[in-house]
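To start, the structure under review is shown below, and the notes come after it.
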Amino acid sequence: MSAFYKPDLETELDSPFVRDEEDKLIRRSYWLDKSDKSLVMIMTNGIGSKLTNDEKRAHLLDLNKESLIDEICVQEILPPE
């Protein structure tokens, strides 16, 4: 099972996260046309903000933007046991 975000195609048919049956981004150019600063904003405050860290990480690795992972994936702080 992949860690990619799977949008609900009934409500998010035009989502830039939609992938084909081989997990290839359908709207890859949407992401590749963005600057790093824009990607950070999209993934932290925009449409990517609802994704889990694992989904964000998988998406960034797929786009060859692993340098942005630390900036985008917020560390979860667990309370003491």
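We name chains A, B, ... following the order of the structure tokens; residues begin at 1 in each chain, and ligands are numbered from 1 as shown.
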
Leaving out A:Ile42 and any residue of its chain fewer than 5 positions from it, which residues lie within 12 Å of it when counting only C-alpha atoms, given as a ChimeraX atom specification?
-> /A:16-17,30-31,34-37,47-51,56,60,72

Using DSSP on the backbone coordinates, identify the residues of chain A assigned to alpha helix (DSSP H); present them as a list in words.
-> Arg28, Ser29, Tyr30, Trp31, Leu32, Asp36, Lys37, Ser38, Leu39, Val40, Met41, Ile42, Met43, Thr44, Asn53, Asp54, Glu55, Lys56, Arg57, Ala58, His59, Leu60, Leu61, Asp62, Ile69, Asp70, Glu71 and Ile72 of chain A

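Put simply, atom CA of A:Arg27 is 11.3 Å away from atom CA of A:Leu13.
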